[in-house]
Amino acid sequence: MANALEGTVALVTGASSGIGEATARGLAAHGAAVAVVARRKDRLDALVSELESDGGRALALEADITEREQAVAAVERTAEELGRLDILVNNAGVMLLGPAADAPIEEWERMVALNVTGLLYAAHAALPHLTRAAQDDPRRVADLVNVSSVAGRRATAGSGVYNATKHAVNAFSEALRQEVTTQHVRVAVIEPGAVVTELTDHLRPEIREQLRSGFDFERLRAEEIADAIAYVVTRARHVAINELLIRPTEQVR
Ligand SMILES: NC(=O)c1ccc[n+]([C@@H]2O[C@H](COP(=O)([O-])OP(=O)(O)OC[C@H]3O[C@@H](n4cnc5c(N)ncnc54)[C@H](OP(=O)(O)O)[C@@H]3O)[C@@H](O)[C@H]2O)c1
C-alpha cells in the first residue's frame with residue numbers, strides 16, 4: 001500500500017500543526033505530492049523540507065482560508081504547480097468553547113468563518129479539479145475529506161457554536177456526497193474525539209482549565225487520525241468510507 005497514491009496530488013489545509021501536519025506526512029508516505037496550507041509559513045516550509053528530503057514532492061502555501069481569494073488561490077496554485085488535485089483534506093479548524101451567555105462574539109465569528117465558510121471556499125474551488133481527477137489515471141477516483149469531530153455528532157453544554165459548525169460540516173458533506181459520488185468523487189467525514197494537538201491552546205485560560213479536568217485520560221495522537229485519513233483515501237475505487245468516528249478508548253462522551 002506504500003505507493004497507493006503515486007501520481008496523485010493532495011492538498012491539506014491546517015497543515016502547520018496537529019492533525020493536518022500528520023496527515024500531510026501520511027499522504028506523502030503513500031506517494032502523494034502534497035500542498036500544505038496554513039498561515040504560519042515557517043512551519044509549512046519546515047514540513048516541505050522534511051517531505052522533500054524524504055524524496056517527496058511538496059508545496060507550502062501560506063493562506064488564511066477565511067479569505068475567499070486566498071482559499072481559492074491555494075487550490076488553484078496546487079493544481080497549477082503540482083499539476084492536478086486528487087485529494088482535498090479540509091482540516092483547518094478552531095475550537096473556542098465556553099457558555100453562550102458570556103461568550104465573546106468574536107470567538108463565534110472565528111469558528112464560523114474557518115470551520116464552515118473557509119471549508120466551503122476550499123471545497124467549492126476544489127470540486128472541478130476533483131471531478132477531473134476522478135476521470136483520470138492513476139486512480140479514476142478522487143477524495144474530499146472533511147475533518148469534523150465527535151462534536152459534529154452530539155452537542156454538549158459549553159460547546160454550542162463549535163457543535164453548530166461541525167454539524168454543518170457533516171450536513172454539507174452528506175449532501176455533497178449524494179451529488180458527486182456517482183462521478184467517483186468520494187466524500188468522507190472524519191470525527192475525532194480528543195487528540196493531542198494545539199487546538200486547546202486558543203481557549204480562554206479558565207475554559208482550558210475546566211476542559212482539562214474532563215479529559216484526564218490518554219488522548220489520541222495526531223498520527224492516529226492521519227492513519228485513518230490515509231486508510232479512507234487508499235481504498236479501492238468502488239469502496240467509499242463515508243464517515244469515521246474515532247474516540248480515545250476512555251472517552252465516554
Ligand atoms: N484536537 C482535537 O481533539 C480534535 C478533535 C476533533 C476534531 N478536531 C479537528 O481537527 C482539525 C485540526 O485541528 P488540530 O486538532 O490539529 O488543531 P491545531 O493543531 O490547532 O491545527 C489547526 C490548524 O488550522 C490552521 N488554521 C487556523 N486558522 C487558519 C486560517 N484562518 N487559515 C488557514 N489555516 C488555519 C492552523 O494553522 P495556522 O495557525 O498556521 O494558520 C493549524 O495548522 C480541526 O478542524 C479540529 O476542529 C480536533
# chains A, B, ... in the order shown; residues from 1 in each chain; ligands from 1

$ residues_around --residues "region 60-65 of chain A" --least-positions-apart "3" --cutoff "12 Å" --atoms "only C-alpha atoms" --output "PyMOL selection string"
chain A and resi 11-16+21+24+33-52+57+68-78+81-82+90-93+110+112-123+125

$ residues_around --residues "region 168-170 of chain A" --least-positions-apart "5" --cutoff "7 Å" --atoms "only C-alpha atoms" --output "compact mmCIF listing (two decimals) with N, CA and C atoms, in the first residue's frame"
# COMPACT_ATOMS: atom_id res chain seq x y z
N VAL A 116 -16.60 26.56 8.92
CA VAL A 116 -17.66 26.41 7.92
C VAL A 116 -17.30 27.15 6.63
N SER A 148 -14.33 16.70 10.71
CA SER A 148 -15.37 17.16 11.62
C SER A 148 -14.92 16.83 13.03
N GLY A 152 -19.48 17.04 16.01
CA GLY A 152 -20.38 17.10 14.86
C GLY A 152 -21.49 16.06 14.94
N VAL A 189 -16.36 12.17 6.08
CA VAL A 189 -16.15 12.97 7.30
C VAL A 189 -15.40 12.12 8.32

$ closest_residue --among "A:Asp143, A:Glu109, A:Glu223, A:Asp137" --to "Ala240 (chain A)" --atoms "only C-alpha atoms"
A:Asp143

$ closest_residue --among "A:Thr165, A:Gln210, A:Thr8, A:Thr23" --to "Ile87 (chain A)" --atoms "only C-alpha atoms"
A:Thr8

$ closest_residue --among "A:Ile190, A:Ala22, A:Leu5, A:Ala134" --to "Glu224 (chain A)" --atoms "only C-alpha atoms"
A:Ala22
